[in-house]
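Structure record follows, encoded as structure tokens.
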Amino acid sequence: MFRKLHEPEAGALTIDIDGVPAMAEPGESVAAVLLRQAEPWSRLTPVSQSKRAPYCMMGVCFDCLADVDGIASVQTCLRPVCDGMRVARQIGKRTIGS
Amino acid sequence: MRADVVVIGAGVVGAAIAYGLATRNVRVLAIDGGDRDFRAANANFGLVWQQGKGLDMPAYQQLTRGSVELWPNFSAELADASAIDVHYDRSGGLSICLSEAEFETQRTTLLRLHNQLGGAEADWEMLDRSALVRLLPTVEFGPDVVGASYGPDDGQTNPLRLLSALHAGLLRRGGALRGGSTVHAVHSDGSGGFTIEFGSERVSAARVVIAAGLGSKALAAQVGLDIPIRPQRGQILVTERLAPFLPIPMQGLRQTREGTVMIGSTRDDPGFDNSTTVEAGAWLSARALRRVPALRDTMLVRQWAGLRVLTPDEYPIYAESQSHPGAFVAVCHSGVTLAAAHAALLAEAIAAGRLPPSLDAFHQRRFDVPQAA
Ligand SMILES: Cc1cc2nc3c(=O)[nH]c(=O)nc-3n(C[C@H](O)[C@H](O)[C@H](O)COP(=O)(O)OP(=O)(O)OC[C@H]3O[C@@H](n4cnc5c(N)ncnc54)[C@H](O)[C@@H]3O)c2cc1C
Ligand code: FES
């Protein structure tokens, strides 16, 4: 499991990952926070339903996709956290419509 | 090296003919060009489609219908021969109309096509919006959608799987395939056969079929056939994989078995240029959203362009050379739809050494302009 070199202090904020509160610092990406969790994965693949975690951390591998504030398939390594953000690990294929 | 038949070009047209010849125990060698060649077979949309095709050329309408009819068997036999499932679904197909005027035009076109064929019972219907919604309850259509035409025999396949299945089927049925080998010369060997040259190699064959897509013009000229073909660019967008919601393909919008949605295709004429443009991406997205607005926040994962192989009337050319009997040309658009006919009817004809009367209408002499007095 990854951990930060320092503990988040002043200005720390909280995001929600599948119903579990997680501490984060302004300016870091959702993927970075995901990687510090006990379950560091972000999605199950659409075809074989196998786990994927953030990998390249620079927007090219698409393994860090998750649902952020109701929008599916967000590249979490490119999305800075904000207080109260709701993140859901993405399970299989995304659905469209209602 | 010797073969009964050499097929030049192993795109979806050449590969289908070569596969069909191999299944008829003809000793066939297919020779395909370099990696940087233009390849419509790798860029197309994957519809197996007859609805709306063949206006003013009944022979083409007939050919297309015949091929679509053969597709279920063709794909099953190909799966047997190649161990590759080409993801063919005879799901029916829709052409969506975005205004009353479009609806009327589509109805008139289909009626005209029907009358030009004569006899046969209409095998399509016009659906108004409520019938369309009943047919596809999983889709929320945009407010501009007034209805669609529906063809029950239309369908879709995965064109990349199709191409590799044809290659694999060709090999497993005893044919041979050479890639990365651009043919630069075809000529008579003086005793009724042909010599085909690529790189520093040459092969002899009793017959030769030129099915090299946009590369066909230069080769056909060497056997006395002047074929007027030109490239037309088509661009396509592909989304991320979505849970299945669109079981019936539409012209310009279909969901693959893997879940991606393909959005196509533009038409323009920049010549031999298969680069993509932002304008095309924007136009395709806007058009798709008018049909299915819920696609709004899905991710696009790819945009590509391919070059169609078009004749002046956009219908195929199948011809045998008069000056070089035994040399054939096969070039066409809709090579996916026609693959079943190419592997059957056309392969049969080439094995027999003569094109049947049903293909007379496709000779390129139809483009010869009578000399003005
Ligand atoms: C955007 C787009 C969408 C399309 N959608 C559909 C669709 O939905 N349904 C449908 O039925 N059709 C569709 N088509 C049309 C279909 O893709 C083409 O009709 C078909 O691919 C033509 O096949 P081909 O083998 O003639 O040409 P290509 O696929 O272009 O292949 C030509 C081959 O010849 C080889 N070659 C060229 N020169 C030489 C040489 N000198 N020596 C050796 N080899 C040579 C090349 O390497 C290449 O492999 C679409 C096309 C495009 C561009
Ligand atoms: S981790 Fe690779 S794209 Fe986000």
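Just so we're on the same page: first chain in the structure tokens is A, next is B, and so on; residues restart at 1 for each chain, and ligands are numbered from 1 in the order they show up.
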### Message
Neighbouring residues of Leu170 in chain B were defined as those with any atom within 8 Å, considering only C-alpha atoms; residues of the same chain fewer than 6 positions away were excluded. Please report them as a list in words.
### Response
Ala15, Ala18, Tyr19, Gly20, Ala22, Thr23, Ala176 and Leu177 of chain B
Select, as a compact mmCIF listing (two decimals) with N, CA, C and O atoms, in the first residue's frame, those residues of chain B with any atom no more than 8 Å from chain A (distances computed using only C-alpha atoms).
```txt
# COMPACT_ATOMS: atom_id res chain seq x y z
N GLU B 140 -33.16 5.94 -25.98
CA GLU B 140 -33.92 7.19 -25.92
C GLU B 140 -33.54 8.03 -27.12
O GLU B 140 -32.41 8.53 -27.21
N ARG B 241 -16.24 1.38 -24.20
CA ARG B 241 -17.18 0.26 -24.16
C ARG B 241 -18.35 0.58 -23.24
O ARG B 241 -18.15 0.99 -22.11
N LEU B 242 -19.55 0.39 -23.78
CA LEU B 242 -20.75 0.66 -23.00
C LEU B 242 -21.54 -0.64 -22.83
O LEU B 242 -21.45 -1.55 -23.66
N ALA B 243 -22.33 -0.70 -21.77
CA ALA B 243 -23.23 -1.84 -21.60
C ALA B 243 -24.14 -1.90 -22.83
O ALA B 243 -24.51 -0.85 -23.38
N PRO B 244 -24.51 -3.09 -23.30
CA PRO B 244 -25.31 -3.20 -24.53
C PRO B 244 -26.60 -2.38 -24.42
O PRO B 244 -27.32 -2.49 -23.43
N GLU B 258 -18.22 -5.89 -28.50
CA GLU B 258 -17.37 -5.54 -27.35
C GLU B 258 -17.98 -4.41 -26.54
O GLU B 258 -17.54 -4.14 -25.43
N GLY B 259 -18.94 -3.69 -27.11
CA GLY B 259 -19.60 -2.62 -26.38
C GLY B 259 -19.28 -1.22 -26.88
O GLY B 259 -19.97 -0.26 -26.54
N ALA B 294 -28.29 10.56 -25.22
CA ALA B 294 -27.66 10.00 -24.01
C ALA B 294 -26.19 9.68 -24.21
O ALA B 294 -25.46 9.42 -23.24
N LEU B 295 -25.73 9.72 -25.46
CA LEU B 295 -24.30 9.48 -25.69
C LEU B 295 -23.46 10.68 -25.27
O LEU B 295 -22.22 10.63 -25.32
N ASP B 297 -22.22 12.26 -22.64
CA ASP B 297 -20.97 12.30 -21.87
C ASP B 297 -20.17 11.00 -21.90
O ASP B 297 -19.39 10.72 -21.02
N THR B 298 -20.36 10.22 -22.97
CA THR B 298 -19.46 9.07 -23.12
C THR B 298 -18.13 9.53 -23.69
O THR B 298 -18.04 10.57 -24.34
N MET B 299 -17.11 8.76 -23.43
CA MET B 299 -15.76 9.10 -23.88
C MET B 299 -15.52 8.56 -25.28
O MET B 299 -15.85 7.42 -25.58
```
### Message
as a list of chain:residue names, please: the residues near range 55-59 of chain A (cut-off 10 Å, only C-alpha atoms, same-chain neighbours under 6 positions excluded).
### Response
A:Ser29, A:Ala31, A:Ala32, A:Leu35, A:Trp41, A:Gln75, A:Thr76, A:Cys77, A:Leu78, A:Arg79
#### Entry: Nearby residues, ligand 1, 6 Å, only C-alpha atoms and all ligand atoms, as a ChimeraX atom specification
/B:8-14,31-34,37-41,43-48,181-184,211-213,215,234-235,265,306-308,331-337
Could you dump the residues just selected with C-alpha atoms as a short mmCIF file (atom, residue, chain, number, x, y, z; two decimals), in the first residue's frame?
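Saved as again-v2.cif:
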```cif
data_model
loop_
_atom_site.label_atom_id
_atom_site.label_comp_id
_atom_site.auth_asym_id
_atom_site.auth_seq_id
_atom_site.Cartn_x
_atom_site.Cartn_y
_atom_site.Cartn_z
CA ILE B 8 -3.07 -9.26 -56.16
CA GLY B 9 -4.27 -7.48 -53.01
CA ALA B 10 -5.49 -9.23 -49.86
CA GLY B 11 -7.83 -6.60 -48.50
CA VAL B 12 -11.37 -7.74 -47.88
CA VAL B 13 -12.07 -8.05 -51.62
CA GLY B 14 -8.93 -9.94 -52.66
CA ILE B 31 -0.09 -11.24 -52.61
CA ASP B 32 -0.62 -8.21 -50.36
CA GLY B 33 1.21 -4.91 -50.31
CA GLY B 34 3.16 -2.92 -47.73
CA ASP B 37 -0.72 1.07 -48.10
CA PHE B 38 -4.18 2.57 -47.91
CA ARG B 39 -6.48 -0.16 -46.62
CA ALA B 40 -10.22 0.42 -46.63
CA ALA B 41 -10.60 -3.08 -45.18
CA ALA B 43 -11.00 1.35 -41.67
CA ASN B 44 -14.59 0.51 -42.48
CA PHE B 45 -17.79 0.57 -40.49
CA GLY B 46 -18.78 -3.10 -40.59
CA LEU B 47 -22.32 -2.98 -41.93
CA VAL B 48 -23.63 -5.91 -43.96
CA SER B 181 5.06 -7.67 -51.24
CA THR B 182 4.04 -4.85 -53.55
CA VAL B 183 3.49 -6.15 -57.07
CA HIS B 184 5.06 -3.84 -59.63
CA ALA B 211 -8.11 -6.74 -56.37
CA ALA B 212 -5.67 -4.24 -54.95
CA GLY B 213 -8.10 -1.50 -53.91
CA GLY B 215 -3.53 0.15 -56.08
CA GLY B 234 -14.41 8.54 -44.63
CA GLN B 235 -13.91 9.27 -40.94
CA SER B 265 -18.93 8.21 -41.61
CA GLY B 306 -9.96 5.47 -44.39
CA LEU B 307 -10.18 5.83 -48.12
CA ARG B 308 -13.12 4.35 -50.01
CA VAL B 331 -12.75 -3.31 -57.24
CA CYS B 332 -15.68 -2.01 -55.26
CA HIS B 333 -17.08 -0.09 -52.36
CA SER B 334 -19.08 -2.14 -49.77
CA GLY B 335 -16.57 -4.96 -49.91
CA VAL B 336 -17.72 -6.20 -46.51
CA THR B 337 -21.34 -6.63 -47.60
#
```
### Query
What is the CA of Arg3 in chain A to CA of Pro54 in chain A distance in Å?
14.7 Å
### Query
Between A:Gly84, A:Val68, A:Ser42, A:Val20, which is the closest to ligand 2 once you count only C-alpha atoms and all ligand atoms?
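Closest candidate: A:Ser42.
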### Task
Point out the residue among A:Ala38, A:His6, A:Leu44, A:Ala66 with the least atom-to-atom distance to ligand 2, counting only C-alpha atoms and all ligand atoms.
A:Ala66
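For Gly147 in chain B, the residues within 7 Å (counting only C-alpha atoms, excluding itself and residues fewer than 5 positions away along the chain) are B:Ile96, B:Cys97, B:Phe103, B:Leu127, B:Asp128, B:Arg129, B:Leu132.
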